[in-house]
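What's in data25.tsv: TSV, C-alpha atoms
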chain	number	residue	atom	x	y	z
M	1	MET	CA	74.75	150.82	107.50
M	2	ASP	CA	72.43	152.27	104.89
M	3	THR	CA	68.70	151.66	104.90
M	4	ALA	CA	68.60	149.25	101.96
M	5	GLU	CA	71.28	147.06	103.52
M	6	HIS	CA	69.51	147.03	106.87
M	7	ASP	CA	66.24	146.16	105.12
M	8	ARG	CA	67.96	143.24	103.43
M	9	GLY	CA	69.18	141.93	106.81
M	10	VAL	CA	65.68	142.26	108.24
M	11	GLU	CA	64.20	140.38	105.31
M	12	VAL	CA	66.60	137.48	105.77
M	13	VAL	CA	65.54	137.13	109.43
M	14	ILE	CA	61.88	137.34	108.37
M	15	GLY	CA	62.48	134.65	105.75
M	16	THR	CA	63.92	132.34	108.40
M	17	LEU	CA	61.04	133.08	110.77
M	18	LEU	CA	58.46	132.27	108.09
M	19	ARG	CA	60.19	129.06	107.07
M	20	TRP	CA	60.37	127.76	110.65
M	21	GLY	CA	56.78	128.76	111.31
M	22	VAL	CA	55.60	126.70	108.35
M	23	VAL	CA	57.87	123.72	109.14
M	24	ILE	CA	56.85	123.55	112.81
M	25	SER	CA	53.12	123.96	112.15
M	26	ALA	CA	53.19	121.38	109.33
M	27	ALA	CA	54.99	118.95	111.66
M	28	VAL	CA	52.39	119.44	114.41
M	29	VAL	CA	49.52	119.04	111.92
M	30	PHE	CA	51.17	115.91	110.51
M	31	ALA	CA	51.67	114.38	113.97
M	32	GLY	CA	48.05	115.14	114.81
M	33	ALA	CA	46.94	113.65	111.50
M	34	ILE	CA	48.71	110.33	112.18
M	35	GLY	CA	47.14	110.03	115.62
M	36	TRP	CA	43.73	111.17	114.42
M	37	LEU	CA	43.60	108.83	111.42
M	38	ALA	CA	44.88	105.86	113.46
M	39	HIS	CA	42.19	106.56	116.03
M	40	SER	CA	39.17	107.39	113.88
M	41	GLY	CA	40.25	106.80	110.28
M	42	ALA	CA	37.74	104.00	109.78
M	43	GLN	CA	34.72	106.14	110.65
M	44	PRO	CA	32.71	107.99	108.03
M	45	ARG	CA	32.81	111.77	108.07
M	46	ASP	CA	30.48	114.43	106.80
M	47	TYR	CA	31.71	117.71	105.36
M	48	LEU	CA	28.77	117.95	102.96
M	49	HIS	CA	26.68	119.77	105.52
M	50	PHE	CA	27.85	122.63	107.64
M	51	HIS	CA	27.42	122.06	111.35
M	52	SER	CA	30.08	124.38	112.84
M	53	GLU	CA	32.93	122.80	114.77
M	54	ALA	CA	32.69	121.96	118.48
M	55	ARG	CA	33.10	124.93	120.78
M	56	ASP	CA	36.49	123.83	122.14
M	57	LEU	CA	37.84	123.61	118.57
M	58	ARG	CA	36.83	127.22	117.96
M	59	THR	CA	38.67	128.98	120.79
M	60	ILE	CA	42.40	129.32	121.42
M	61	SER	CA	42.03	128.22	125.05
M	62	GLY	CA	39.90	125.23	124.02
M	63	VAL	CA	42.45	124.11	121.42
M	64	LEU	CA	45.34	124.43	123.90
M	65	ALA	CA	43.50	122.47	126.58
M	66	GLY	CA	42.52	119.74	124.11
M	67	ALA	CA	46.03	119.44	122.70
M	68	ALA	CA	47.43	119.11	126.22
M	69	ARG	CA	45.10	116.09	126.68
M	70	LEU	CA	46.53	114.74	123.38
M	71	SER	CA	43.15	114.84	121.71
M	72	TRP	CA	44.32	114.43	118.10
M	73	ALA	CA	41.79	116.74	116.46
M	74	HIS	CA	42.97	119.45	118.87
M	75	VAL	CA	46.62	118.73	118.04
M	76	ILE	CA	45.81	119.30	114.34
M	77	GLN	CA	43.99	122.51	115.25
M	78	LEU	CA	47.01	123.60	117.34
M	79	GLY	CA	49.21	123.16	114.28
M	80	LEU	CA	46.79	125.29	112.24
M	81	LEU	CA	46.84	127.94	115.00
M	82	LEU	CA	50.65	127.99	114.89
M	83	LEU	CA	50.40	128.51	111.14
M	84	ILE	CA	47.99	131.43	111.61
M	85	ALA	CA	50.36	132.86	114.22
M	86	THR	CA	53.32	132.80	111.81
M	87	PRO	CA	52.41	135.94	109.82
M	88	VAL	CA	51.43	137.64	113.09
M	89	ALA	CA	54.90	136.89	114.48
M	90	ARG	CA	56.37	138.27	111.28
M	91	VAL	CA	54.53	141.56	111.74
M	92	ALA	CA	55.55	141.72	115.41
M	93	PHE	CA	59.19	141.20	114.46
M	94	THR	CA	58.95	143.93	111.81
M	95	VAL	CA	57.99	146.42	114.57
M	96	PHE	CA	61.37	145.81	116.22
M	97	ALA	CA	63.16	146.02	112.88
M	98	PHE	CA	61.73	149.47	112.14
M	99	TRP	CA	62.37	150.47	115.75
M	100	GLY	CA	66.06	149.64	115.27
M	101	GLU	CA	66.05	151.89	112.23
M	102	ARG	CA	64.35	154.65	114.26
M	103	ASP	CA	61.75	154.78	111.50
M	104	TRP	CA	58.91	155.89	113.74
M	105	MET	CA	56.39	156.29	110.93
M	106	TYR	CA	56.78	152.62	110.01
M	107	VAL	CA	56.83	151.54	113.66
M	108	ALA	CA	53.37	153.16	113.89
M	109	ILE	CA	52.14	151.62	110.62
M	110	THR	CA	53.33	148.14	111.63
M	111	LEU	CA	51.83	148.46	115.13
M	112	LEU	CA	48.51	149.37	113.50
M	113	VAL	CA	48.61	146.21	111.34
M	114	LEU	CA	49.53	144.16	114.42
M	115	ALA	CA	46.63	145.65	116.36
M	116	ILE	CA	44.17	144.76	113.57
M	117	LEU	CA	45.49	141.17	113.49
M	118	LEU	CA	45.25	140.77	117.26
M	119	PHE	CA	41.77	142.31	117.27
M	120	SER	CA	40.65	139.75	114.70
M	121	LEU	CA	42.31	136.79	116.43
M	122	LEU	CA	41.31	137.61	120.00
M	123	GLY	CA	38.25	139.78	119.47
M	124	GLY	CA	36.15	136.97	118.00
M	125	GLN	CA	36.93	134.75	120.97
M	126	HIS	CA	34.55	136.49	123.34
M	127	SER	CA	31.48	136.41	121.14
M	128	ILE	CA	31.25	132.59	121.21
F	1	MET	CA	34.05	106.42	102.03
F	2	ASN	CA	35.68	106.48	105.47
F	3	THR	CA	37.81	109.27	106.93
F	4	LEU	CA	41.15	107.76	105.91
F	5	GLU	CA	40.12	107.34	102.26
F	6	PHE	CA	38.58	110.80	102.17
F	7	SER	CA	41.73	112.37	103.67
F	8	ILE	CA	43.99	110.64	101.14
F	9	ILE	CA	41.84	111.79	98.20
F	10	VAL	CA	41.70	115.39	99.49
F	11	ALA	CA	45.47	115.43	100.14
F	12	ALA	CA	46.20	114.07	96.64
F	13	VAL	CA	43.89	116.55	94.91
F	14	SER	CA	45.36	119.39	97.01
F	15	ALA	CA	48.91	118.35	96.13
F	16	VAL	CA	48.09	118.46	92.40
F	17	ALA	CA	46.40	121.87	92.80
F	18	GLY	CA	49.36	123.19	94.81
F	19	PHE	CA	51.84	121.87	92.26
F	20	LEU	CA	50.06	123.39	89.26
F	21	GLY	CA	49.28	126.57	91.19
F	22	ALA	CA	52.95	127.16	92.02
F	23	LEU	CA	54.09	126.27	88.51
F	24	THR	CA	51.68	128.64	86.82
F	25	GLY	CA	51.73	131.41	89.42
F	26	LEU	CA	48.00	131.18	90.05
F	27	GLY	CA	48.37	129.84	93.59
F	28	GLY	CA	46.92	126.59	94.84
F	29	GLY	CA	44.19	128.01	97.03
F	30	VAL	CA	42.13	129.55	94.29
F	31	VAL	CA	41.81	126.13	92.60
F	32	ILE	CA	41.30	123.89	95.60
F	33	THR	CA	38.10	125.58	96.80
F	34	PRO	CA	36.05	124.84	93.63
F	35	VAL	CA	37.50	121.32	93.48
F	36	LEU	CA	36.43	120.62	97.07
F	37	ILE	CA	32.97	122.04	96.43
F	38	LEU	CA	32.22	120.82	92.91
F	39	LEU	CA	34.05	117.48	92.83
F	40	LEU	CA	33.99	116.33	96.45
F	41	GLY	CA	30.72	117.96	97.49
F	42	VAL	CA	32.18	119.73	100.53
F	43	ASP	CA	30.14	122.56	102.06
F	44	LEU	CA	31.29	125.98	100.85
F	45	ARG	CA	32.05	127.22	104.37
F	46	TYR	CA	34.30	124.27	105.24
F	47	ALA	CA	36.02	124.56	101.86
F	48	ILE	CA	36.70	128.27	102.44
F	49	GLY	CA	38.05	127.65	105.96
F	50	ALA	CA	40.39	124.86	104.84
F	51	THR	CA	41.67	126.83	101.86
F	52	LEU	CA	42.38	129.96	103.87
F	53	VAL	CA	44.67	127.98	106.15
F	54	SER	CA	46.54	126.46	103.21
F	55	VAL	CA	46.95	129.93	101.68
F	56	ILE	CA	48.90	131.01	104.77
F	57	ALA	CA	51.14	127.96	104.43
F	58	THR	CA	51.98	128.43	100.76
F	59	SER	CA	52.45	132.19	100.92
F	60	SER	CA	54.70	131.98	103.99
F	61	GLY	CA	56.70	129.17	102.40
F	62	ALA	CA	57.12	131.03	99.13
F	63	ALA	CA	57.83	134.38	100.84
F	64	ALA	CA	60.65	132.74	102.78
F	65	ALA	CA	62.27	131.85	99.44
F	66	TYR	CA	61.54	135.20	97.77
F	67	VAL	CA	62.96	137.52	100.44
F	68	LYS	CA	66.44	136.22	99.77
F	69	GLU	CA	66.23	137.41	96.16
F	70	GLY	CA	65.60	140.99	97.35
F	71	PHE	CA	62.61	141.83	95.16
F	72	SER	CA	59.89	142.31	97.77
F	73	ASN	CA	59.37	145.82	99.15
F	74	ILE	CA	58.77	145.59	102.89
F	75	ARG	CA	57.49	149.19	103.26
F	76	VAL	CA	55.02	148.94	100.39
F	77	GLY	CA	53.84	145.61	101.82
F	78	MET	CA	53.39	146.86	105.38
F	79	PHE	CA	51.70	150.10	104.38
F	80	LEU	CA	49.21	148.31	102.11
F	81	GLU	CA	48.57	145.63	104.73
F	82	ILE	CA	46.64	148.26	106.72
F	83	ALA	CA	44.12	148.21	103.86
F	84	THR	CA	44.14	144.44	103.28
F	85	THR	CA	43.78	143.45	106.95
F	86	VAL	CA	40.91	145.86	107.60
F	87	GLY	CA	39.33	144.60	104.37
F	88	ALA	CA	39.82	140.98	105.42
F	89	VAL	CA	38.12	141.55	108.79
F	90	VAL	CA	35.19	143.24	107.02
F	91	GLY	CA	35.05	140.48	104.38
F	92	ALA	CA	35.06	137.66	106.94
F	93	ALA	CA	32.32	139.39	108.95
F	94	VAL	CA	30.19	139.84	105.81
F	95	ALA	CA	30.85	136.24	104.66
F	96	THR	CA	28.94	134.74	107.56
F	97	ARG	CA	25.84	136.74	106.54
F	98	THR	CA	26.10	136.10	102.79
F	99	PRO	CA	24.27	133.16	101.18
F	100	ALA	CA	26.51	130.41	99.76
F	101	SER	CA	25.06	130.87	96.27
F	102	ALA	CA	26.14	134.53	96.16
F	103	LEU	CA	29.62	133.64	97.43
F	104	ALA	CA	29.92	130.99	94.71
F	105	VAL	CA	29.11	133.51	91.97
F	106	ILE	CA	31.63	136.07	93.32
F	107	PHE	CA	34.19	133.32	93.67
F	108	GLY	CA	33.65	132.26	90.05
F	109	LEU	CA	34.11	135.81	88.78
F	110	ILE	CA	37.38	136.27	90.71
F	111	LEU	CA	38.57	132.89	89.47
F	112	LEU	CA	37.82	133.92	85.89
F	113	TYR	CA	39.76	137.14	86.35
F	114	SER	CA	42.73	135.25	87.90
F	115	ALA	CA	42.82	132.82	84.96
F	116	TRP	CA	42.82	135.68	82.45
F	117	ASP	CA	45.42	137.60	84.44
F	118	SER	CA	47.81	134.63	84.56
F	119	MET	CA	47.96	134.60	80.75
F	120	ARG	CA	48.55	138.30	80.01
F	121	GLN	CA	51.90	139.89	79.24
F	122	LYS	CA	53.81	141.37	82.18
F	123	SER	CA	55.87	144.54	82.07
F	124	GLU	CA	59.09	145.01	83.99
F	125	GLN	CA	59.04	148.80	83.42
F	126	ALA	CA	60.18	150.95	86.35
F	127	ALA	CA	58.31	154.22	86.99
F	128	PRO	CA	60.44	157.30	87.81
F	129	ARG	CA	60.78	158.46	91.41
F	130	GLY	CA	58.56	161.33	92.45
F	131	CYS	CA	55.68	159.86	90.46
F	132	ASP	CA	53.40	160.44	93.48
F	133	PRO	CA	54.52	162.85	96.26
F	134	LEU	CA	52.67	160.72	98.82
F	135	ALA	CA	54.90	157.75	97.92
F	136	GLU	CA	57.99	159.83	98.67
F	137	ARG	CA	56.57	160.97	102.00
F	138	LEU	CA	55.90	157.30	102.87
F	139	ARG	CA	59.35	156.30	101.53
F	140	LEU	CA	57.84	153.64	99.28
F	141	SER	CA	60.31	154.06	96.39
F	142	SER	CA	63.10	151.52	96.38
F	143	THR	CA	65.40	149.47	94.16
F	144	PHE	CA	65.31	145.93	92.80
F	145	PRO	CA	68.10	143.73	91.46
F	146	GLY	CA	67.94	144.35	87.71
F	147	PRO	CA	70.16	142.87	84.99
F	148	GLU	CA	72.57	145.84	85.34
F	149	GLY	CA	72.68	146.07	89.12
F	150	PRO	CA	70.16	147.74	91.46
F	151	THR	CA	67.42	149.50	89.49
F	152	ALA	CA	65.53	152.37	91.15
F	153	TYR	CA	61.76	152.58	90.82
F	154	GLY	CA	59.10	155.02	91.97
F	155	VAL	CA	55.59	154.27	93.18
F	156	CYS	CA	52.54	155.96	91.59
F	157	ARG	CA	48.86	156.43	92.51
F	158	VAL	CA	49.23	155.42	96.17
F	159	LYS	CA	45.62	156.24	97.10
F	160	THR	CA	44.16	154.18	94.23
F	161	GLY	CA	46.42	151.27	95.12
F	162	PHE	CA	45.41	151.52	98.79
F	163	GLY	CA	41.73	151.46	97.83
F	164	LEU	CA	42.18	148.44	95.56
F	165	MET	CA	44.04	146.68	98.36
F	166	PHE	CA	41.06	147.18	100.66
F	167	GLY	CA	38.98	145.46	97.97
F	168	ALA	CA	41.53	142.63	97.74
F	169	GLY	CA	41.31	142.23	101.52
F	170	VAL	CA	37.50	142.08	101.46
F	171	LEU	CA	37.60	139.39	98.75
F	172	SER	CA	40.21	137.46	100.71
F	173	GLY	CA	38.10	137.50	103.86
F	174	LEU	CA	34.90	136.79	101.96
F	175	LEU	CA	36.19	133.84	99.92
F	176	GLY	CA	39.12	132.51	101.96
F	177	ILE	CA	41.62	133.05	99.17
F	178	GLY	CA	44.85	135.01	98.93
F	179	SER	CA	43.44	137.17	96.10
F	180	GLY	CA	46.97	137.52	94.78
F	181	ALA	CA	45.69	138.50	91.32
F	182	VAL	CA	43.87	141.54	92.72
F	183	LYS	CA	46.88	142.51	94.85
F	184	VAL	CA	49.14	142.35	91.81
F	185	LEU	CA	46.55	144.40	89.88
F	186	ALA	CA	46.76	147.12	92.53
F	187	MET	CA	50.56	147.22	92.62
F	188	ASP	CA	51.47	146.41	89.03
F	189	ARG	CA	48.73	148.31	87.19
F	190	ALA	CA	47.64	151.12	89.53
F	191	MET	CA	50.87	151.88	91.38
F	192	SER	CA	53.20	151.07	88.43
F	193	ILE	CA	55.44	148.90	90.59
F	194	PRO	CA	57.64	146.52	88.50
F	195	PHE	CA	55.97	143.15	88.04
F	196	LYS	CA	58.52	141.00	89.89
F	197	VAL	CA	58.37	143.38	92.88
F	198	SER	CA	54.55	143.32	92.76
F	199	THR	CA	54.26	139.53	92.74
F	200	THR	CA	56.80	138.90	95.50
F	201	THR	CA	55.44	141.70	97.70
F	202	SER	CA	51.89	140.43	97.08
F	203	ASN	CA	52.99	136.98	98.18
F	204	PHE	CA	54.50	138.50	101.29
F	205	MET	CA	51.18	140.19	102.07
F	206	ILE	CA	48.89	137.24	101.42
F	207	GLY	CA	49.76	135.43	104.65
F	208	VAL	CA	49.11	138.50	106.79
F	209	THR	CA	45.81	139.22	105.02
F	210	ALA	CA	44.69	135.60	105.45
F	211	ALA	CA	45.68	135.61	109.13
F	212	ALA	CA	43.41	138.63	109.65
F	213	SER	CA	40.31	136.66	108.65
F	214	ALA	CA	41.48	133.27	109.98
F	215	GLY	CA	40.68	134.24	113.57
F	216	ILE	CA	37.10	135.05	112.63
F	217	TYR	CA	36.74	131.82	110.62
F	218	LEU	CA	38.11	129.82	113.53
F	219	SER	CA	35.69	131.27	116.05
F	220	ARG	CA	32.77	130.70	113.66
F	221	GLY	CA	33.70	127.02	113.33
F	222	TYR	CA	34.63	127.15	109.62
F	223	ILE	CA	38.01	125.54	110.20
F	224	ALA	CA	37.40	121.78	110.48
F	225	PRO	CA	40.69	120.11	111.52
F	226	GLY	CA	39.91	116.89	109.64
F	227	LEU	CA	39.44	118.73	106.36
F	228	ALA	CA	42.00	121.52	106.76
F	229	MET	CA	44.68	118.94	107.61
F	230	PRO	CA	44.84	117.09	104.24
F	231	VAL	CA	44.26	120.34	102.32
F	232	MET	CA	47.10	122.17	104.06
F	233	LEU	CA	49.61	119.30	103.93
F	234	GLY	CA	48.72	118.48	100.32
F	235	VAL	CA	48.87	122.05	99.00
F	236	LEU	CA	52.11	122.71	100.89
F	237	ALA	CA	53.84	119.59	99.53
F	238	GLY	CA	52.57	120.23	96.01
F	239	SER	CA	53.56	123.88	95.89
F	240	MET	CA	57.04	123.20	97.29
F	241	LEU	CA	57.55	120.66	94.52
F	242	GLY	CA	56.12	123.09	91.97
F	243	ALA	CA	58.51	125.84	93.04
F	244	ARG	CA	61.44	123.43	92.50
F	245	PHE	CA	60.26	122.62	88.98
F	246	LEU	CA	59.73	126.29	88.20
F	247	MET	CA	63.47	126.89	87.92
F	248	GLY	CA	64.01	127.00	84.17
F	249	ALA	CA	60.85	125.10	83.27
F	250	ARG	CA	58.99	126.12	80.12
F	251	VAL	CA	55.51	126.64	81.49
F	252	ARG	CA	53.78	128.60	78.74
F	253	ALA	CA	51.75	125.70	77.36
F	254	LEU	CA	51.00	124.39	80.84
F	255	ARG	CA	49.92	127.85	81.99
F	256	LEU	CA	47.51	128.07	79.06
F	257	LEU	CA	46.07	124.63	79.78
F	258	PHE	CA	45.74	125.30	83.49
F	259	GLY	CA	44.17	128.69	82.78
F	260	CYS	CA	41.50	126.94	80.71
F	261	VAL	CA	40.84	124.39	83.48
F	262	VAL	CA	40.49	127.20	86.01
F	263	ALA	CA	38.17	129.12	83.69
F	264	ALA	CA	35.98	126.00	83.33
F	265	LEU	CA	35.87	125.61	87.12
F	266	ALA	CA	34.97	129.29	87.39
F	267	LEU	CA	32.03	128.96	84.98
F	268	GLU	CA	30.82	125.85	86.83
F	269	MET	CA	30.97	127.79	90.13
F	270	ILE	CA	28.99	130.69	88.66
F	271	TYR	CA	26.44	128.28	87.15
F	272	SER	CA	26.04	126.29	90.38
F	273	GLY	CA	25.71	129.49	92.39
F	274	ALA	CA	23.27	131.15	90.03
F	275	THR	CA	21.01	128.09	89.82
F	276	GLY	CA	21.08	127.71	93.59
F	277	LYS	CA	22.67	124.25	93.59
F	278	LEU	CA	25.08	125.16	96.38

Could you render the structure as structure tokens?
Amino acid sequence: MDTAEHDRGVEVVIGTLLRWGVVISAAVVFAGAIGWLAHSGAQPRDYLHFHSEARDLRTISGVLAGAARLSWAHVIQLGLLLLIATPVARVAFTVFAFWGERDWMYVAITLLVLAILLFSLLGGQHSI
Amino acid sequence: MNTLEFSIIVAAVSAVAGFLGALTGLGGGVVITPVLILLLGVDLRYAIGATLVSVIATSSGAAAAYVKEGFSNIRVGMFLEIATTVGAVVGAAVATRTPASALAVIFGLILLYSAWDSMRQKSEQAAPRGCDPLAERLRLSSTFPGPEGPTAYGVCRVKTGFGLMFGAGVLSGLLGIGSGAVKVLAMDRAMSIPFKVSTTTSNFMIGVTAAASAGIYLSRGYIAPGLAMPVMLGVLAGSMLGARFLMGARVRALRLLFGCVVAALALEMIYSGATGKL
């Protein structure tokens, strides 16, 4: 199989991955929204002034723990986290795709991008 | 106004922005931020956080559709993502130390550029292979489905493009937008990549760039679930609908009108920022 054809196959898998990532995260956000609005839709809310979100809404572990308790704001945040994870999963998959092609230069390039993404996602977690 | 009413208004406004953004190629994110700030009075930081999340949704959704057409160049995208992701991390780190008024002015200028860019003529010219030896070493040259079968194209000025992409990443991290217009500038203008390949590859890259700053925004508390929720769902629904309508729609007049609206929003952002109203 030539390179262009293999690339095309890889892109189709990536397309499917992206679509499912968006669909699943939107569904989780929507489910969280229903619960959240039913629970606290009648209350006023202030986004006019910045007051940083609660600590457990700012960390991955906090969001997971909150969502497990079915706290609706955390369920929404979990959906948003899944959305953020979608492009990261795409990059991770691309590593394997280039590996299959034995294209070591692009395996290295893609791993570098993945490392930057993981640094940003996980690195900020400790400074809170 | 209670939370339910506020959420419905934000979702509706986001859906309209997403619809028009997809139809005109400007993207929904770049419009929703000024609307949230100027019309709904939302704090700049919350608006940026909510928009960034919606940018990931629309770009991933659109990229899923584009890859099937075979225009996007996966190697060009991945190589340039080194520059955009590093830029995005830098931009997000700088954003938390930059006053809101300065961010508003920068945002307005980028918005103005995006509006102008959406109205200019695009070229579908393919550069010859071997245009830049570095591109050949990185195997960036490829083909795209032209009217007469696969058309080969070369990639020029790789270093300039890489540098511009770092700038696009910084802007993305700083302002919570996809900065698609700057990405296309780097690929289309600097690297001489055919326009359709530039736009689809740019779209492919936007989600990854946004994800690089999203982690920092999350840990700083910029992503408020109650605000990001209606923005994300609204923009996603609107842009999906817009992409449907795009097939065969005559959008020239609409693009002009929307470009003017965006330019007006941009001037208002610059004015508000410069006079310290934000």

Check: Which chain F residues are at most 8 Å from chain M (counting only C-alpha atoms), as a PyMOL selection string?
Finding: chain F and resi 1-4+41-43+45-46+53+56-57+60-61+63-65+67-68+70+74-75+78-79+81-82+85-86+89+207-208+211-216+218-227+229+233

Item checked: Coordinates-based distance that separates CA of Leu140 (chain F) from CA of Ala108 (chain M) (Å, one decimal) ->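 Separation between CA of Ala108 (chain M) and CA of Leu140 (chain F): 15.3 Å.
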
What are the nearest atom pairs, with distances in Å to one decimal, for all residues of region 67-120 of chain F that come at most 7 Å from region 151-169 of chain F, using all atoms listed in the file, set out by chain and rising residue number as JSON lines?
{"residue": "F:Leu80", "atom": "CA", "partner": "F:Phe162", "partner_atom": "CA", "distance": 6.0}
{"residue": "F:Ala83", "atom": "CA", "partner": "F:Phe166", "partner_atom": "CA", "distance": 4.5}
{"residue": "F:Thr84", "atom": "CA", "partner": "F:Gly169", "partner_atom": "CA", "distance": 4.0}
{"residue": "F:Thr85", "atom": "CA", "partner": "F:Gly169", "partner_atom": "CA", "distance": 6.1}
{"residue": "F:Gly87", "atom": "CA", "partner": "F:Gly169", "partner_atom": "CA", "distance": 4.2}
{"residue": "F:Ala88", "atom": "CA", "partner": "F:Gly169", "partner_atom": "CA", "distance": 4.4}

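Between CA of Ile8 (chain F) and CA of Leu44 (chain F) there is a distance of 19.9 Å.
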
Checklist line | Coordinates-based distance that separates CA of Tyr113 (chain F) from CA of Ala264 (chain F) (Å, one decimal) | finding: 12.1 Å

Note to self: Quick one: residues within 12 Å of Lys196 (chain F), only C-alpha atoms, excluding same-chain residues fewer than 4 positions away - as an MDAnalysis selection string?
What the structure shows: chainID F and resid 25 66:67 69:73 122:126 143:146 184 187:188 192 200:203

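The residue that comes closest to Leu254 (chain F), out of F:Val31, F:Met240, F:Leu26, F:Val55 and on the basis of all atoms listed in the file, is F:Leu26.
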
Check: Which polymer residues have any atom within 9 Å of an atom of Leu241 (chain F), counting only C-alpha atoms, with same-chain residues fewer than 2 positions away left out, as a ChimeraX atom specification?
Finding: /F:18-19,22-23,236-239,243-246

Check: Counting all atoms listed in the file, which of F:Phe107, F:Phe204, F:Trp116, F:Tyr217 gets nearest to Ala263 (chain F)?
Finding: F:Trp116

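Compared by their closest atoms to Val63 (chain M), and using all atoms listed in the file, the residues M:Val107, M:Leu82, M:Ala92, M:Ala97 rank with M:Leu82 nearest.
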